[in-house]
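Structure first, then comments.
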Amino acid sequence: MAKEKKVEQITDMEVDFAQWFTDVCKKAELISYSSIKGIFVYRPYGYAIWENIQKILDAEFKKCGVENVYMPMLIPESLLQKEKDHVEGFAPECAWVTMGGSEKLEERYCVRPTSETLFCEHFREVIQSHRDLPKCYNQWCSVLRWEKTSRPFLRHREFLWQEGHTMHATAEEAEAYTQRMLNVYADFCENVLAMKFNGAEATYTIECMMHDRKALQAGTSHYFGDGFAKAFDITFTNKDNQRAYPHQTSWGVSTRLIGGIIMTHGDNSGLVLPPKIAPVQVIVVPVAQHKPGVSEAAQALCDRLNAAGYRAKIDLSDQSLGWKCAEYEMKGVPLRVEMGPRDMENGQCVMVRRDNGEKTFVAVSELEAKAGELLQAVHDGLYARAKKNLEDHIYEAHSLEEAKQLQEQNGGFIKTMWCGDEACELKMKEVAGMSSRCMPFAQEHLDDVCPICGKPAKHSILWGVAY
RNA sequence: CCGGGUUUAGCGAAGUUUGGUAUCGCGCUUGGUUUGGGACCAAGAGACCGUGGGUUCAAGUCCCGCAACCCGGACCA
């Protein structure tokens, strides 16, 4: 069903996708700019989405035996430098604390860009025996990376995330745990955020496709081997009374997920939120509320919905009906319930889905049941649309030139075979502007050879333009 | 980091060419009428014109520096 556009302040996504995204972030009151570039204020409505994400994911982590901890915000330079590759990766974008009060510090401290080193320092202290393993730790915190350019949710200098770090007695156990956490993220994306993605092996990433057909990495889960354990001298005594290095995993998602939600589900009227993480799931709007009894009848609906466990709100302000409808559409509230004089006479209310604008007349007696049904329908509708968007925009290519052309014409993911050489990845980036997004779990045989170098192919791989 | 654009009331803009009393729309406040898709009338409040220097009797306007934001590119989660 075609929906006419009602919010002239929001730029159409077909006209300018980037501007649309920024408009939605501002108009839906998710975020504000601060006085420091790249560091944003999460407004109550935006932060509430993150709180809902935290609540649901945290419960899933705990089912996997994860314990939450909190590590220091500052990392001494000497500690950061213990693992060579790690420093090289993060040092260029570290912010440093050099003064304590008015005194210059002996050693400068880095504001954490990630906390592997702190976790490792701590693991060294608490891991002695195989009986101390596994250690499955996670922390919810913010990290700081001095990015050159920034965009709301997609690239902040300071952003909120969760970082899980676990230590295991064997490589097998650690690898299995890495996959298990990837599955937690995958289930969360599909069942909570209604986002469709490509899972992967080897790189362990979740790649979602946005409305503009660019890829967004929504979560990662890494198997680290024992590299950090060796660098930080973390050892334990195994059952055979021998010293051994434990094997590590690391996994995280950030507030970038919210950027993904916006770009996956949003439309030209604004934000569209998956019901499970929407701060307000149902907005109750009285119609002609000055007429006797209308406000009370609407309030009663709202109270009943809250009592039934839904997150419902009512708007009794004296704004016009049209204003209220547009306002809550912009903010992505999944379901609107209208109650007016005519409804009162008929013992009914009107329910309007945010995802497709469909209106349903509902007997007041069926309020709770029908609200639940429609919220689920919104979730399913969003998921179906996201899935279709992904599936419709995966194209198969058999040569470098064809891959380039397909990307230019259609965007999306381009599927090819790959020999496994990094040189071919660089070549693809250079020629077609695409990076490897992931090697799908569902491997296919499209050709015998790598279309880039002609050597025997080892995997099928997806390429795309990423955020 | 490179290349382009922008910065004037809470938001969006005009005014800058040709220096001379700070403008408009939305929003906000007060009162009243309204309400089945962004209502209307009336009266108000609100701006060291992004920031620091310079030129001038006089700078939103001219000159030089800096910053922030937006859009592309490179890089990253």
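Numbering starts fresh at 1 for the residues of each chain in the structure tokens, the chains themselves are lettered A, B, ... in the order given, and ligands are numbered from 1 as they appear.
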Against chain A, which residues of chain B fall within 7 Å? For each one I want the closest pair of atoms and the distance in Å (one decimal), counting only C-alpha atoms (C1' of nucleotides), rows by chain and increasing residue number, as a tab-separated table.
```
residue	atom	partner	partner_atom	distance
B:U35	C1'	A:Ala288	CA	4.9
B:G36	C1'	A:Val287	CA	6.5
B:G37	C1'	A:Gly322	CA	4.1
B:G38	C1'	A:Trp323	CA	4.2
B:A39	C1'	A:Ser320	CA	6.8
```
task = Would you please give, as a VMD selection string, all residues of region 38-270 of chain A that DSSP assigns to helix (DSSP H, G or I) based on the backbone?
result = chain A and resid 44 to 63 77 to 80 84 to 93 116 to 126 130 to 132 171 to 192 227 to 231 256 to 265
message = List the spatial neighbours of region 14-22 of chain B as a PyMOL selection string - criterion: any atom at most 12 Å away, only C-alpha atoms (C1' of nucleotides), same-chain residues fewer than 4 positions off excluded.
response = chain B and resi 8-9+47+49+55-62
key: Shell around region 68-73 of chain B at 8 Å using only C-alpha atoms (C1' of nucleotides), local window under 3 positions removed, as a PyMOL selection string   = (chain A and resi 35+37) or (chain B and resi 2+4-6+50)
Separation of CA of Ile314 (chain A) from CA of Val352 (chain A), in Å and rounded to one decimal =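 Value for the CA of Ile314 (chain A)-CA of Val352 (chain A) distance: 14.6 Å.
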Excluding Gly464 (chain A) and residues on its chain fewer than 2 positions from it, collect all residues at most 10 Å away from it, counting only C-alpha atoms (C1' of nucleotides), and give them as a PDB file with C-alpha atoms, in the first residue's frame.
```
ATOM      1  CA  GLU A 207      26.828  -7.906   7.527  1.00  0.00           C
ATOM      2  CA  MET A 209      22.242  -4.492   3.978  1.00  0.00           C
ATOM      3  CA  ARG A 213      22.350  -1.181  -0.599  1.00  0.00           C
ATOM      4  CA  LYS A 214      25.525  -0.502   1.278  1.00  0.00           C
ATOM      5  CA  ALA A 215      26.775  -2.966   3.855  1.00  0.00           C
ATOM      6  CA  LEU A 216      26.898  -2.275   7.572  1.00  0.00           C
ATOM      7  CA  ILE A 394      22.937 -10.205  -4.176  1.00  0.00           C
ATOM      8  CA  ALA A 403      31.655  -7.543 -10.516  1.00  0.00           C
ATOM      9  CA  GLN A 407      28.200  -2.931  -8.226  1.00  0.00           C
ATOM     10  CA  GLY A 411      24.899  -1.750  -5.473  1.00  0.00           C
ATOM     11  CA  GLY A 412      24.317  -4.523  -2.989  1.00  0.00           C
ATOM     12  CA  PHE A 413      26.458  -7.606  -2.508  1.00  0.00           C
ATOM     13  CA  ILE A 414      28.385  -9.199  -5.341  1.00  0.00           C
ATOM     14  CA  LYS A 415      29.009 -12.905  -4.982  1.00  0.00           C
ATOM     15  CA  LYS A 429      39.074  -2.660  -3.767  1.00  0.00           C
ATOM     16  CA  ALA A 432      35.609  -1.960  -8.133  1.00  0.00           C
ATOM     17  CA  GLY A 433      35.731  -0.022  -4.857  1.00  0.00           C
ATOM     18  CA  MET A 434      34.418  -2.995  -2.892  1.00  0.00           C
ATOM     19  CA  SER A 435      35.799  -4.771   0.130  1.00  0.00           C
ATOM     20  CA  SER A 436      35.198  -8.377   1.100  1.00  0.00           C
ATOM     21  CA  ARG A 437      32.248  -8.426   3.451  1.00  0.00           C
ATOM     22  CA  CYS A 438      32.140 -12.072   4.386  1.00  0.00           C
ATOM     23  CA  LEU A 462      30.494 -11.558  -0.826  1.00  0.00           C
ATOM     24  CA  ALA A 466      30.570  -0.699   3.377  1.00  0.00           C
ATOM     25  CA  TYR A 467      29.801   1.989   5.897  1.00  0.00           C
TER      26      TYR A 467
END
```
ask   = Could you name the residues that touch Asp267 (chain A) at 9 Å or less, counting only C-alpha atoms (C1' of nucleotides), but leaving out those on the same chain fewer than 6 positions away, as JSON, numbers by chain?
value = {"A": [12, 13, 20, 355]}
Dump of C-alpha atoms for the selected residues, as a tab-separated table (two decimals), in the first residue's frame:
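Dumped everything to selection15.tsv:
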```tsv
chain	number	residue	atom	x	y	z
A	12	ASP	CA	13.28	11.74	0.83
A	13	MET	CA	15.74	8.88	0.98
A	20	TRP	CA	17.57	11.50	5.07
A	355	ASP	CA	5.32	-0.28	8.88
```
task = as a PyMOL selection string, please: all residues of region 210-447 of chain A that backbone DSSP puts in strand (DSSP E or B).
result = chain A and resi 215-225+236-237+243-244+247-254+267+270+282-286+312-314+335-339+348-353+359-363+394-396+413-418+435-440
key: For region 136-139 of chain A: contacts at 9 Å, only C-alpha atoms (C1' of nucleotides), fewer than 5 positions along chain excluded, given as a PyMOL selection string   = chain A and resi 61+64-71+119+161-168+251
key: CA of Leu382 (chain A) to CA of Ala48 (chain A), distance in Å rounded to a single decimal   = 20.3 Å
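Among the candidates B:G10, B:C1, B:A45, B:C63, the one nearest to C26 (chain B) when counting only C-alpha atoms (C1' of nucleotides) is B:G10.
The gap separating CA of Cys349 (chain A) from CA of Ala363 (chain A) is 6.4 Å, in Å to one decimal.
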